>>> print(open('query.cif').read())   # mmCIF, C-alpha atoms
data_upload
loop_
_atom_site.group_PDB
_atom_site.id
_atom_site.type_symbol
_atom_site.label_atom_id
_atom_site.label_comp_id
_atom_site.auth_asym_id
_atom_site.auth_seq_id
_atom_site.Cartn_x
_atom_site.Cartn_y
_atom_site.Cartn_z
ATOM 1 C CA MET A 280 24.818 -68.520 1.335
ATOM 2 C CA LYS A 281 26.411 -67.832 -2.062
ATOM 3 C CA LYS A 282 22.984 -67.673 -3.685
ATOM 4 C CA GLY A 283 21.925 -65.090 -1.122
ATOM 5 C CA LEU A 284 24.968 -62.970 -1.826
ATOM 6 C CA SER A 285 24.435 -63.240 -5.581
ATOM 7 C CA PHE A 286 20.841 -62.100 -5.203
ATOM 8 C CA LEU A 287 21.861 -59.078 -3.131
ATOM 9 C CA LEU A 288 24.539 -58.274 -5.692
ATOM 10 C CA LEU A 289 21.967 -58.399 -8.493
ATOM 11 C CA VAL A 290 19.627 -56.099 -6.515
ATOM 12 C CA PHE A 291 22.487 -53.653 -5.908
ATOM 13 C CA VAL A 292 23.414 -53.631 -9.621
ATOM 14 C CA PHE A 293 19.752 -53.125 -10.574
ATOM 15 C CA ILE A 294 19.322 -50.212 -8.144
ATOM 16 C CA ALA A 295 22.564 -48.644 -9.315
ATOM 17 C CA GLY A 296 21.394 -48.970 -12.916
ATOM 18 C CA CYS A 297 18.040 -47.332 -12.065
ATOM 19 C CA ALA A 298 19.783 -44.549 -10.205
ATOM 20 C CA LYS A 299 21.986 -43.921 -13.216
ATOM 21 C CA MET A 300 18.952 -43.805 -15.487
ATOM 22 C CA THR A 301 17.169 -41.487 -13.058
ATOM 23 C CA GLU A 302 20.075 -39.062 -13.103
ATOM 24 C CA GLU A 303 20.132 -39.145 -16.882
ATOM 25 C CA LYS A 304 16.403 -38.610 -17.009
ATOM 26 C CA ARG A 305 16.586 -35.660 -14.618
ATOM 27 C CA ALA A 306 19.304 -34.080 -16.736
ATOM 28 C CA ARG A 307 17.241 -34.699 -19.875
ATOM 29 C CA ASN A 308 14.107 -33.271 -18.250
ATOM 30 C CA ALA A 309 15.970 -30.132 -17.196
ATOM 31 C CA GLN A 310 17.124 -29.416 -20.738
ATOM 32 C CA GLU A 311 13.817 -30.360 -22.385
ATOM 33 C CA TYR A 312 11.734 -28.178 -20.059
ATOM 34 C CA TYR A 313 14.207 -25.338 -20.439
ATOM 35 C CA ARG A 314 14.096 -25.568 -24.233
ATOM 36 C CA GLU A 315 10.283 -25.727 -24.234
ATOM 37 C CA ALA A 316 10.114 -22.717 -21.927
ATOM 38 C CA VAL A 317 12.411 -20.592 -24.095
ATOM 39 C CA ASN A 318 10.438 -21.507 -27.220
ATOM 40 C CA ALA A 319 7.111 -20.749 -25.521
ATOM 41 C CA TYR A 320 8.420 -17.388 -24.349
ATOM 42 C CA ALA A 321 9.669 -16.552 -27.845
ATOM 43 C CA ASN A 322 6.173 -17.367 -29.171
ATOM 44 C CA LYS A 323 4.590 -15.193 -26.441
ATOM 45 C CA ASP A 324 2.888 -18.194 -24.837
ATOM 46 C CA TYR A 325 3.692 -16.741 -21.441
ATOM 47 C CA GLY A 326 1.513 -19.048 -19.356
ATOM 48 C CA ASP A 327 3.140 -22.144 -20.898
ATOM 49 C CA ALA A 328 6.551 -20.537 -20.619
ATOM 50 C CA ALA A 329 6.112 -19.885 -16.902
ATOM 51 C CA TRP A 330 5.012 -23.471 -16.319
ATOM 52 C CA SER A 331 7.972 -24.909 -18.230
ATOM 53 C CA PHE A 332 10.507 -22.600 -16.575
ATOM 54 C CA ASN A 333 9.207 -23.712 -13.178
ATOM 55 C CA GLU A 334 9.569 -27.343 -14.216
ATOM 56 C CA ALA A 335 13.092 -26.751 -15.511
ATOM 57 C CA LEU A 336 14.109 -25.061 -12.265
ATOM 58 C CA LYS A 337 13.033 -28.151 -10.331
ATOM 59 C CA TYR A 338 16.108 -29.771 -11.929
ATOM 60 C CA MET A 339 18.349 -26.784 -11.282
ATOM 61 C CA ASP A 340 21.379 -29.002 -10.621
ATOM 62 C CA TYR A 341 21.309 -30.047 -14.261
ATOM 63 C CA LEU A 342 21.178 -26.557 -15.743
ATOM 64 C CA THR A 343 24.189 -24.354 -16.390
ATOM 65 C CA PRO A 344 24.578 -21.147 -14.295
ATOM 66 C CA GLU A 345 23.673 -19.147 -17.408
ATOM 67 C CA GLN A 346 20.530 -21.206 -17.945
ATOM 68 C CA ILE A 347 19.481 -20.807 -14.303
ATOM 69 C CA GLU A 348 19.888 -17.027 -14.457
ATOM 70 C CA ASN A 349 17.985 -16.847 -17.740
ATOM 71 C CA ALA A 350 15.221 -19.148 -16.484
ATOM 72 C CA LYS A 351 14.690 -17.084 -13.324
ATOM 73 C CA PHE A 352 14.624 -13.821 -15.279
ATOM 74 C CA LEU A 353 12.264 -15.034 -17.994
ATOM 75 C CA LEU A 354 10.057 -16.749 -15.404
ATOM 76 C CA GLY A 355 9.411 -13.365 -13.773
ATOM 77 C CA LYS A 356 8.770 -11.736 -17.167
ATOM 78 C CA SER A 357 6.462 -14.582 -18.221
ATOM 79 C CA TYR A 358 4.322 -14.150 -15.134
ATOM 80 C CA TYR A 359 4.289 -10.374 -15.671
ATOM 81 C CA TYR A 360 3.250 -10.541 -19.332
ATOM 82 C CA ASP A 361 0.694 -13.216 -18.508
ATOM 83 C CA GLY A 362 -0.920 -10.824 -16.001
ATOM 84 C CA ASN A 363 -0.070 -13.069 -13.059
ATOM 85 C CA TYR A 364 1.354 -10.222 -10.972
ATOM 86 C CA VAL A 365 1.372 -12.009 -7.609
ATOM 87 C CA ASN A 366 3.672 -14.730 -8.918
ATOM 88 C CA ALA A 367 5.618 -12.107 -10.868
ATOM 89 C CA VAL A 368 6.401 -10.351 -7.582
ATOM 90 C CA VAL A 369 7.675 -13.594 -6.050
ATOM 91 C CA ALA A 370 9.781 -14.541 -9.076
ATOM 92 C CA LEU A 371 11.255 -11.076 -9.631
ATOM 93 C CA GLU A 372 12.084 -10.625 -5.939
ATOM 94 C CA ASP A 373 13.900 -13.970 -6.155
ATOM 95 C CA TYR A 374 15.817 -12.905 -9.260
ATOM 96 C CA ILE A 375 16.898 -9.574 -7.736
ATOM 97 C CA PHE A 376 18.016 -11.331 -4.552
ATOM 98 C CA TYR A 377 20.301 -13.738 -6.426
ATOM 99 C CA TYR A 378 21.403 -11.366 -9.200
ATOM 100 C CA PRO A 379 21.537 -7.866 -7.666
ATOM 101 C CA LYS A 380 24.133 -6.405 -10.049
ATOM 102 C CA LEU A 381 23.450 -7.800 -13.508
ATOM 103 C CA SER A 382 22.348 -5.500 -16.307
ATOM 104 C CA ARG A 383 18.993 -7.277 -16.517
ATOM 105 C CA THR A 384 18.383 -6.595 -12.830
ATOM 106 C CA GLU A 385 17.372 -3.044 -13.726
ATOM 107 C CA GLU A 386 14.524 -4.321 -15.897
ATOM 108 C CA ALA A 387 13.583 -6.840 -13.202
ATOM 109 C CA TYR A 388 13.241 -3.950 -10.730
ATOM 110 C CA TYR A 389 10.995 -2.024 -13.107
ATOM 111 C CA LEU A 390 8.716 -5.026 -13.670
ATOM 112 C CA LEU A 391 8.670 -5.765 -9.927
ATOM 113 C CA ILE A 392 7.654 -2.207 -9.036
ATOM 114 C CA ASP A 393 4.891 -2.201 -11.640
ATOM 115 C CA SER A 394 3.717 -5.627 -10.433
ATOM 116 C CA TYR A 395 3.411 -4.339 -6.868
ATOM 117 C CA ILE A 396 1.265 -1.446 -8.109
ATOM 118 C CA LYS A 397 -0.913 -3.775 -10.163
ATOM 119 C CA VAL A 398 -1.289 -6.217 -7.239
ATOM 120 C CA SER A 399 -2.390 -3.471 -4.863
ATOM 121 C CA PRO A 400 -6.168 -3.066 -4.524
ATOM 122 C CA ASP A 401 -8.273 -0.093 -5.576
ATOM 123 C CA PRO A 402 -7.907 3.177 -3.610
ATOM 124 C CA TYR A 403 -10.793 2.203 -1.332
ATOM 125 C CA ARG A 404 -8.688 -0.443 0.403
ATOM 126 C CA ASP A 405 -5.335 -0.713 2.184
ATOM 127 C CA GLN A 406 -2.361 0.404 0.069
ATOM 128 C CA GLU A 407 0.398 -1.714 1.633
ATOM 129 C CA TYR A 408 1.605 -3.004 -1.746
ATOM 130 C CA THR A 409 1.571 0.480 -3.240
ATOM 131 C CA TRP A 410 3.904 1.625 -0.462
ATOM 132 C CA LYS A 411 6.101 -1.424 -1.183
ATOM 133 C CA ALA A 412 6.250 -0.319 -4.824
ATOM 134 C CA ILE A 413 7.451 3.117 -3.720
ATOM 135 C CA ASP A 414 10.064 1.605 -1.401
ATOM 136 C CA LYS A 415 11.363 -0.631 -4.205
ATOM 137 C CA ALA A 416 11.397 2.320 -6.612
ATOM 138 C CA LYS A 417 13.466 4.426 -4.225
ATOM 139 C CA GLU A 418 15.798 1.476 -3.690
ATOM 140 C CA PHE A 419 16.185 1.153 -7.467
ATOM 141 C CA LEU A 420 16.919 4.858 -7.999
ATOM 142 C CA SER A 421 19.552 4.827 -5.260
ATOM 143 C CA LYS A 422 21.292 1.822 -6.859
ATOM 144 C CA PHE A 423 20.840 2.696 -10.528
ATOM 145 C CA PRO A 424 20.416 6.484 -10.793
ATOM 146 C CA LYS A 425 21.633 6.550 -14.413
ATOM 147 C CA SER A 426 19.625 3.537 -15.563
ATOM 148 C CA SER A 427 17.646 3.695 -18.799
ATOM 149 C CA PHE A 428 14.676 2.599 -16.672
ATOM 150 C CA ALA A 429 15.015 5.512 -14.220
ATOM 151 C CA GLN A 430 12.465 7.710 -16.001
ATOM 152 C CA LYS A 431 9.945 4.865 -16.200
ATOM 153 C CA VAL A 432 10.438 4.083 -12.528
ATOM 154 C CA GLN A 433 9.874 7.733 -11.644
ATOM 155 C CA GLY A 434 6.630 7.538 -13.577
ATOM 156 C CA LEU A 435 5.601 4.521 -11.499
ATOM 157 C CA ILE A 436 6.367 6.472 -8.321
ATOM 158 C CA ASP A 437 4.013 9.230 -9.487
ATOM 159 C CA THR A 438 1.327 6.630 -10.247
ATOM 160 C CA ALA A 439 1.766 5.069 -6.804
ATOM 161 C CA TYR A 440 1.547 8.399 -4.997
ATOM 162 C CA ARG A 441 -1.614 9.344 -6.900
ATOM 163 C CA LYS A 442 -3.184 6.069 -5.830
ATOM 164 C CA ILE A 443 -2.272 6.598 -2.176
ATOM 165 C CA ALA A 444 -3.449 10.210 -2.339
ATOM 166 C CA GLN A 445 -6.817 9.008 -3.629
ATOM 167 C CA TYR A 446 -6.974 6.479 -0.792
ATOM 168 C CA GLU A 447 -6.405 9.285 1.735
ATOM 169 C CA LEU A 448 -9.040 11.430 0.020
ATOM 170 C CA ASN A 449 -11.538 8.580 0.239
ATOM 171 C CA ILE A 450 -10.988 8.390 3.995
ATOM 172 C CA ALA A 451 -11.392 12.160 4.330
ATOM 173 C CA GLU A 452 -14.626 12.073 2.332
ATOM 174 C CA PHE A 453 -15.907 9.229 4.494
ATOM 175 C CA TYR A 454 -15.313 11.300 7.642
ATOM 176 C CA GLU A 455 -16.916 14.332 6.030
ATOM 177 C CA ASN A 456 -20.025 12.448 4.920
ATOM 178 C CA TYR A 457 -20.604 11.092 8.429
ATOM 179 C CA GLY A 458 -20.244 14.469 10.127
ATOM 180 C CA TYR A 459 -16.699 14.043 11.426
ATOM 181 C CA THR A 460 -15.687 17.263 9.739
ATOM 182 C CA TYR A 461 -12.669 18.103 11.876
ATOM 183 C CA SER A 462 -11.155 14.648 11.293
ATOM 184 C CA ALA A 463 -11.867 15.153 7.579
ATOM 185 C CA ALA A 464 -10.160 18.564 7.630
ATOM 186 C CA LEU A 465 -7.027 17.043 9.151
ATOM 187 C CA ARG A 466 -6.960 14.369 6.421
ATOM 188 C CA TYR A 467 -7.440 16.920 3.636
ATOM 189 C CA ARG A 468 -4.626 18.993 5.114
ATOM 190 C CA GLU A 469 -2.302 15.977 5.192
ATOM 191 C CA VAL A 470 -3.081 15.251 1.537
ATOM 192 C CA LEU A 471 -2.181 18.832 0.584
ATOM 193 C CA ILE A 472 1.089 18.605 2.519
ATOM 194 C CA ASN A 473 2.168 15.103 1.504
ATOM 195 C CA PHE A 474 0.891 14.802 -2.069
ATOM 196 C CA PRO A 475 1.427 18.128 -3.832
ATOM 197 C CA GLY A 476 0.809 17.844 -7.548
ATOM 198 C CA GLN A 477 -0.926 14.461 -7.166
ATOM 199 C CA VAL A 478 -4.430 15.828 -6.497
ATOM 200 C CA ASN A 479 -6.701 18.663 -7.592
ATOM 201 C CA GLU A 480 -5.235 21.082 -5.068
ATOM 202 C CA PRO A 481 -7.823 23.914 -5.378
ATOM 203 C CA GLU A 482 -10.649 21.417 -4.759
ATOM 204 C CA VAL A 483 -8.904 19.635 -1.871
ATOM 205 C CA ALA A 484 -8.014 22.987 -0.274
ATOM 206 C CA TYR A 485 -11.668 24.015 -0.641
ATOM 207 C CA ARG A 486 -12.860 20.874 1.136
ATOM 208 C CA TYR A 487 -10.232 21.338 3.839
ATOM 209 C CA ILE A 488 -11.407 24.880 4.625
ATOM 210 C CA MET A 489 -15.085 23.928 4.322
ATOM 211 C CA CYS A 490 -14.610 21.149 6.882
ATOM 212 C CA LEU A 491 -12.824 23.555 9.226
ATOM 213 C CA LEU A 492 -15.747 25.967 8.928
ATOM 214 C CA THR A 493 -18.192 23.184 9.763
ATOM 215 C CA THR A 494 -16.154 21.634 12.582
ATOM 216 C CA ASP A 495 -19.100 22.414 14.878
ATOM 217 C CA ARG A 496 -20.836 19.367 13.331
ATOM 218 C CA GLN A 497 -18.224 17.030 14.824
ATOM 219 C CA VAL A 498 -17.972 19.081 18.011
ATOM 220 C CA ASN A 499 -21.700 18.542 18.581
ATOM 221 C CA ILE A 500 -21.391 14.803 17.869
ATOM 222 C CA GLU A 501 -18.515 14.434 20.315
ATOM 223 C CA LYS A 502 -20.186 16.564 22.992
ATOM 224 C CA GLU A 503 -23.388 14.507 22.774
ATOM 225 C CA LYS A 504 -21.320 11.349 23.305
ATOM 226 C CA MET A 505 -19.516 12.896 26.262
ATOM 227 C CA GLU A 506 -22.712 14.270 27.831
ATOM 228 C CA SER A 507 -24.312 10.834 27.684
ATOM 229 C CA LEU A 508 -21.258 9.328 29.351
ATOM 230 C CA ILE A 509 -21.184 12.157 31.914
ATOM 231 C CA ARG A 510 -24.741 11.333 32.970
ATOM 232 C CA GLU A 511 -23.733 7.704 33.432
ATOM 233 C CA ALA A 512 -20.649 8.743 35.420
ATOM 234 C CA LYS A 513 -22.741 10.950 37.707
ATOM 235 C CA ASP A 514 -25.136 8.085 38.342
ATOM 236 C CA LYS A 515 -22.229 5.813 39.260
ATOM 237 C CA LEU A 516 -20.832 8.481 41.553
ATOM 238 C CA GLU A 517 -24.136 8.666 43.422
ATOM 239 C CA GLU A 518 -24.341 4.878 43.617
ATOM 240 C CA ALA A 519 -20.733 4.451 44.771
ATOM 241 C CA ARG A 520 -20.461 2.889 48.199
ATOM 242 C CA SER A 521 -16.761 2.737 48.944
ATOM 243 C CA GLU A 522 -14.280 5.596 48.857
ATOM 244 C CA GLU A 523 -12.363 3.786 46.131
ATOM 245 C CA GLU A 524 -15.463 3.585 43.920
ATOM 246 C CA LYS A 525 -16.159 7.287 44.477
ATOM 247 C CA LYS A 526 -12.618 8.239 43.477
ATOM 248 C CA ALA A 527 -12.802 6.140 40.305
ATOM 249 C CA ALA A 528 -16.191 7.623 39.342
ATOM 250 C CA GLN A 529 -14.998 11.160 40.052
ATOM 251 C CA LYS A 530 -11.852 10.612 38.026
ATOM 252 C CA ARG A 531 -13.879 9.405 35.031
ATOM 253 C CA LEU A 532 -16.301 12.300 35.414
ATOM 254 C CA SER A 533 -13.464 14.841 35.453
ATOM 255 C CA PHE A 534 -11.943 13.296 32.338
ATOM 256 C CA LEU A 535 -15.239 13.390 30.429
ATOM 257 C CA GLU A 536 -15.852 17.024 31.386
ATOM 258 C CA SER A 537 -12.337 17.907 30.227
ATOM 259 C CA GLU A 538 -13.093 16.208 26.905
ATOM 260 C CA VAL A 539 -16.128 18.469 26.421
ATOM 261 C CA LYS A 540 -13.929 21.513 26.979
ATOM 262 C CA ARG A 541 -11.259 20.097 24.663
ATOM 263 C CA TRP A 542 -13.744 19.760 21.813
ATOM 264 C CA GLU A 543 -15.035 23.273 22.414
ATOM 265 C CA GLU A 544 -11.445 24.522 22.084
ATOM 266 C CA ILE A 545 -10.981 22.477 18.926
ATOM 267 C CA GLY A 546 -14.030 24.194 17.450
ATOM 268 C CA LYS A 547 -12.602 27.643 18.185
ATOM 269 C CA LYS A 548 -9.151 26.831 16.847
ATOM 270 C CA ALA A 549 -10.643 25.294 13.709
ATOM 271 C CA LEU A 550 -12.371 28.585 12.889
ATOM 272 C CA GLU A 551 -9.132 30.490 13.425
ATOM 273 C CA GLU A 552 -7.308 28.059 11.155
ATOM 274 C CA ALA A 553 -10.079 28.436 8.568
ATOM 275 C CA LYS A 554 -9.644 32.235 8.508
ATOM 276 C CA GLU A 555 -5.915 31.920 7.851
ATOM 277 C CA ALA A 556 -6.435 29.185 5.257
ATOM 278 C CA LEU A 557 -9.114 31.173 3.437
ATOM 279 C CA ALA A 558 -6.816 34.195 3.132
ATOM 280 C CA LYS A 559 -4.084 31.906 1.801
ATOM 281 C CA TYR A 560 -6.540 30.311 -0.634
ATOM 282 C CA ARG A 561 -7.361 33.705 -2.156
ATOM 283 C CA GLU A 562 -3.654 34.536 -2.402
ATOM 284 C CA VAL A 563 -2.782 31.264 -4.175
ATOM 285 C CA TYR A 564 -5.851 30.498 -6.296
ATOM 286 C CA GLY A 565 -7.635 33.823 -6.550
ATOM 287 C CA GLU A 566 -11.350 34.550 -6.103
ATOM 288 C CA THR A 567 -12.579 31.370 -7.729
ATOM 289 C CA LEU A 568 -16.040 29.831 -7.414
ATOM 290 C CA TYR A 569 -14.693 27.709 -4.560
ATOM 291 C CA TYR A 570 -13.461 30.835 -2.805
ATOM 292 C CA ARG A 571 -16.838 32.558 -3.159
ATOM 293 C CA LYS A 572 -18.603 29.494 -1.743
ATOM 294 C CA LEU A 573 -16.286 29.520 1.249
ATOM 295 C CA LYS A 574 -16.924 33.227 1.803
ATOM 296 C CA GLU A 575 -20.684 32.599 1.826
ATOM 297 C CA LEU A 576 -20.240 29.771 4.314
ATOM 298 C CA ALA A 577 -18.054 32.008 6.460
ATOM 299 C CA LYS A 578 -20.817 34.637 6.537
ATOM 300 C CA GLU A 579 -23.267 31.984 7.706
ATOM 301 C CA LYS A 580 -20.864 31.318 10.584
ATOM 302 C CA GLY A 581 -21.064 34.998 11.581
ATOM 303 C CA TRP A 582 -17.849 36.246 10.005
ATOM 304 C CA LYS A 583 -17.636 39.851 8.957
ATOM 305 C CA SER A 584 -16.486 40.548 5.393
#
>>> encode(input="query.cif", output="structure tokens")
Amino acid sequence: MKKGLSFLLLVFVFIAGCAKMTEEKRARNAQEYYREAVNAYANKDYGDAAWSFNEALKYMDYLTPEQIENAKFLLGKSYYYDGNYVNAVVALEDYIFYYPKLSRTEEAYYLLIDSYIKVSPDPYRDQEYTWKAIDKAKEFLSKFPKSSFAQKVQGLIDTAYRKIAQYELNIAEFYENYGYTYSAALRYREVLINFPGQVNEPEVAYRYIMCLLTTDRQVNIEKEKMESLIREAKDKLEEARSEEEKKAAQKRLSFLESEVKRWEEIGKKALEEAKEALAKYREVYGETLYYRKLKELAKEKGWKS
């Protein structure tokens, strides 16, 4: 019995000794990784620095509060300077969350905003991250209006808006190229309203008015669709057996016929809008080459000079 107890006591002492060594090793690892990370960052080895900072932060309990703050900040910067913008976003968001009022938080915001812009895809794809960059930039300016980074952040906002404006222009051009000229005109108009100074305004205004003048292209496309569906609806009305089926077919037929009339009205209103816009174009930009092209197109549409 005594031998059994002695054995258990030896096992307990051994485990306790290992645990003590493990704690010492964890503390040693924390400081070694932290030191390696700081040295790598100082030598601009940003990939190695990021790796070592991550390792050091695994032993966060063995770092001082100052070391933790510094490790989180330099981790975000290491990812940023290494071109790893996705991880930079994660690390910088984390830093700002835990240290919202430190002086270095202002720089973290700037790097975060720029990382969001760099992560966002080209203007041919969704601009969710570009909008996030703008939201973060506005948040920054509201918190730190007198920051030394304020001017740089404003520059990033301009960059972000130009990118989104180009995305909207790409959509408008897509509609225009496929004959959906009225939809294109609406997009061009929104760009002019929402992104002044971020696009070539005389050219965008030209395309806006041109698409209004050629709205009949989309009107014809939509009417052809409706007329095909109207023929189908009439066939179903003739084939309907019950009163309920007849009512449903008649309701669909009435809707489709109203859609034809709606598109005809859109065509008329588009031409009226084009006349007003063309007069405004001349007033703002003068009788440029774009203006003369629009006047020629207007004549083709039967306008009197």
>>> closest_residue(input="query.cif", among="A:Tyr312, A:Trp410, A:Tyr461, A:Tyr358", to="Thr438 in chain A", atoms="all atoms listed in the file")
A:Trp410
>>> closest_residue(input="query.cif", among="A:Ser521, A:Thr494, A:Ser427, A:Thr567", to="Glu551 in chain A", atoms="only C-alpha atoms")
A:Thr494
>>> closest_residue(input="query.cif", among="A:Lys559, A:Arg468, A:Lys548, A:Lys554", to="Lys578 in chain A", atoms="only C-alpha atoms")
A:Lys554
>>> closest_residue(input="query.cif", among="A:Pro379, A:Leu465, A:Ala328, A:Arg531", to="Lys515 in chain A", atoms="only C-alpha atoms")
A:Arg531
>>> resolve_selection(input="query.cif", expression="the PyMOL selection byres ((chain A and resi 309) around 12)", output="PyMOL selection string")
chain A and resi 302-308+310-316+331-343+346-347+350
>>> write_last_selection(input="query.cif", atoms="C-alpha atoms", output="PDB file, in the coordinates of the input")
ATOM      1  CA  GLU A 302      20.075 -39.062 -13.103  1.00  0.00           C
ATOM      2  CA  GLU A 303      20.132 -39.145 -16.882  1.00  0.00           C
ATOM      3  CA  LYS A 304      16.403 -38.610 -17.009  1.00  0.00           C
ATOM      4  CA  ARG A 305      16.586 -35.660 -14.618  1.00  0.00           C
ATOM      5  CA  ALA A 306      19.304 -34.080 -16.736  1.00  0.00           C
ATOM      6  CA  ARG A 307      17.241 -34.699 -19.875  1.00  0.00           C
ATOM      7  CA  ASN A 308      14.107 -33.271 -18.250  1.00  0.00           C
ATOM      8  CA  GLN A 310      17.124 -29.416 -20.738  1.00  0.00           C
ATOM      9  CA  GLU A 311      13.817 -30.360 -22.385  1.00  0.00           C
ATOM     10  CA  TYR A 312      11.734 -28.178 -20.059  1.00  0.00           C
ATOM     11  CA  TYR A 313      14.207 -25.338 -20.439  1.00  0.00           C
ATOM     12  CA  ARG A 314      14.096 -25.568 -24.233  1.00  0.00           C
ATOM     13  CA  GLU A 315      10.283 -25.727 -24.234  1.00  0.00           C
ATOM     14  CA  ALA A 316      10.114 -22.717 -21.927  1.00  0.00           C
ATOM     15  CA  SER A 331       7.972 -24.909 -18.230  1.00  0.00           C
ATOM     16  CA  PHE A 332      10.507 -22.600 -16.575  1.00  0.00           C
ATOM     17  CA  ASN A 333       9.207 -23.712 -13.178  1.00  0.00           C
ATOM     18  CA  GLU A 334       9.569 -27.343 -14.216  1.00  0.00           C
ATOM     19  CA  ALA A 335      13.092 -26.751 -15.511  1.00  0.00           C
ATOM     20  CA  LEU A 336      14.109 -25.061 -12.265  1.00  0.00           C
ATOM     21  CA  LYS A 337      13.033 -28.151 -10.331  1.00  0.00           C
ATOM     22  CA  TYR A 338      16.108 -29.771 -11.929  1.00  0.00           C
ATOM     23  CA  MET A 339      18.349 -26.784 -11.282  1.00  0.00           C
ATOM     24  CA  ASP A 340      21.379 -29.002 -10.621  1.00  0.00           C
ATOM     25  CA  TYR A 341      21.309 -30.047 -14.261  1.00  0.00           C
ATOM     26  CA  LEU A 342      21.178 -26.557 -15.743  1.00  0.00           C
ATOM     27  CA  THR A 343      24.189 -24.354 -16.390  1.00  0.00           C
ATOM     28  CA  GLN A 346      20.530 -21.206 -17.945  1.00  0.00           C
ATOM     29  CA  ILE A 347      19.481 -20.807 -14.303  1.00  0.00           C
ATOM     30  CA  ALA A 350      15.221 -19.148 -16.484  1.00  0.00           C
TER      31      ALA A 350
END
>>> resolve_selection(input="query.cif", expression="the PyMOL selection byres ((chain A and resi 322-324) around 12)", output="ChimeraX atom specification")
/A:315-321,325-331,353-354,356-361
>>> decode(input="query.cif", residues="range 531-544 of chain A", atoms="N, CA and C atoms", output="mmCIF file, in the first residue's frame")
data_model
loop_
_atom_site.group_PDB
_atom_site.id
_atom_site.type_symbol
_atom_site.label_atom_id
_atom_site.label_comp_id
_atom_site.auth_asym_id
_atom_site.auth_seq_id
_atom_site.Cartn_x
_atom_site.Cartn_y
_atom_site.Cartn_z
ATOM 1 N N ARG A 531 -53.737 38.560 -66.343
ATOM 2 C CA ARG A 531 -52.372 38.582 -66.886
ATOM 3 C C ARG A 531 -52.336 39.359 -68.193
ATOM 4 N N LEU A 532 -53.333 39.165 -69.023
ATOM 5 C CA LEU A 532 -53.407 39.863 -70.305
ATOM 6 C C LEU A 532 -53.495 41.380 -70.095
ATOM 7 N N SER A 533 -54.315 41.794 -69.162
ATOM 8 C CA SER A 533 -54.473 43.225 -68.868
ATOM 9 C C SER A 533 -53.163 43.827 -68.372
ATOM 10 N N PHE A 534 -52.466 43.080 -67.528
ATOM 11 C CA PHE A 534 -51.182 43.553 -67.007
ATOM 12 C C PHE A 534 -50.172 43.737 -68.136
ATOM 13 N N LEU A 535 -50.075 42.744 -69.020
ATOM 14 C CA LEU A 535 -49.110 42.806 -70.116
ATOM 15 C C LEU A 535 -49.424 43.966 -71.062
ATOM 16 N N GLU A 536 -50.684 44.196 -71.332
ATOM 17 C CA GLU A 536 -51.075 45.313 -72.201
ATOM 18 C C GLU A 536 -50.753 46.658 -71.543
ATOM 19 N N SER A 537 -50.906 46.702 -70.211
ATOM 20 C CA SER A 537 -50.558 47.943 -69.500
ATOM 21 C C SER A 537 -49.053 48.180 -69.518
ATOM 22 N N GLU A 538 -48.280 47.088 -69.552
ATOM 23 C CA GLU A 538 -46.823 47.221 -69.626
ATOM 24 C C GLU A 538 -46.401 47.802 -70.972
ATOM 25 N N VAL A 539 -47.082 47.407 -72.040
ATOM 26 C CA VAL A 539 -46.787 47.972 -73.366
ATOM 27 C C VAL A 539 -47.016 49.479 -73.343
ATOM 28 N N LYS A 540 -48.127 49.887 -72.778
ATOM 29 C CA LYS A 540 -48.443 51.321 -72.693
ATOM 30 C C LYS A 540 -47.431 52.051 -71.800
ATOM 31 N N ARG A 541 -47.021 51.378 -70.722
ATOM 32 C CA ARG A 541 -46.051 52.004 -69.811
ATOM 33 C C ARG A 541 -44.740 52.289 -70.522
ATOM 34 N N TRP A 542 -44.273 51.336 -71.339
ATOM 35 C CA TRP A 542 -43.026 51.538 -72.058
ATOM 36 C C TRP A 542 -43.171 52.604 -73.144
ATOM 37 N N GLU A 543 -44.331 52.692 -73.743
ATOM 38 C CA GLU A 543 -44.556 53.761 -74.719
ATOM 39 C C GLU A 543 -44.472 55.134 -74.044
ATOM 40 N N GLU A 544 -45.013 55.228 -72.829
ATOM 41 C CA GLU A 544 -44.944 56.473 -72.064
ATOM 42 C C GLU A 544 -43.507 56.784 -71.654
#
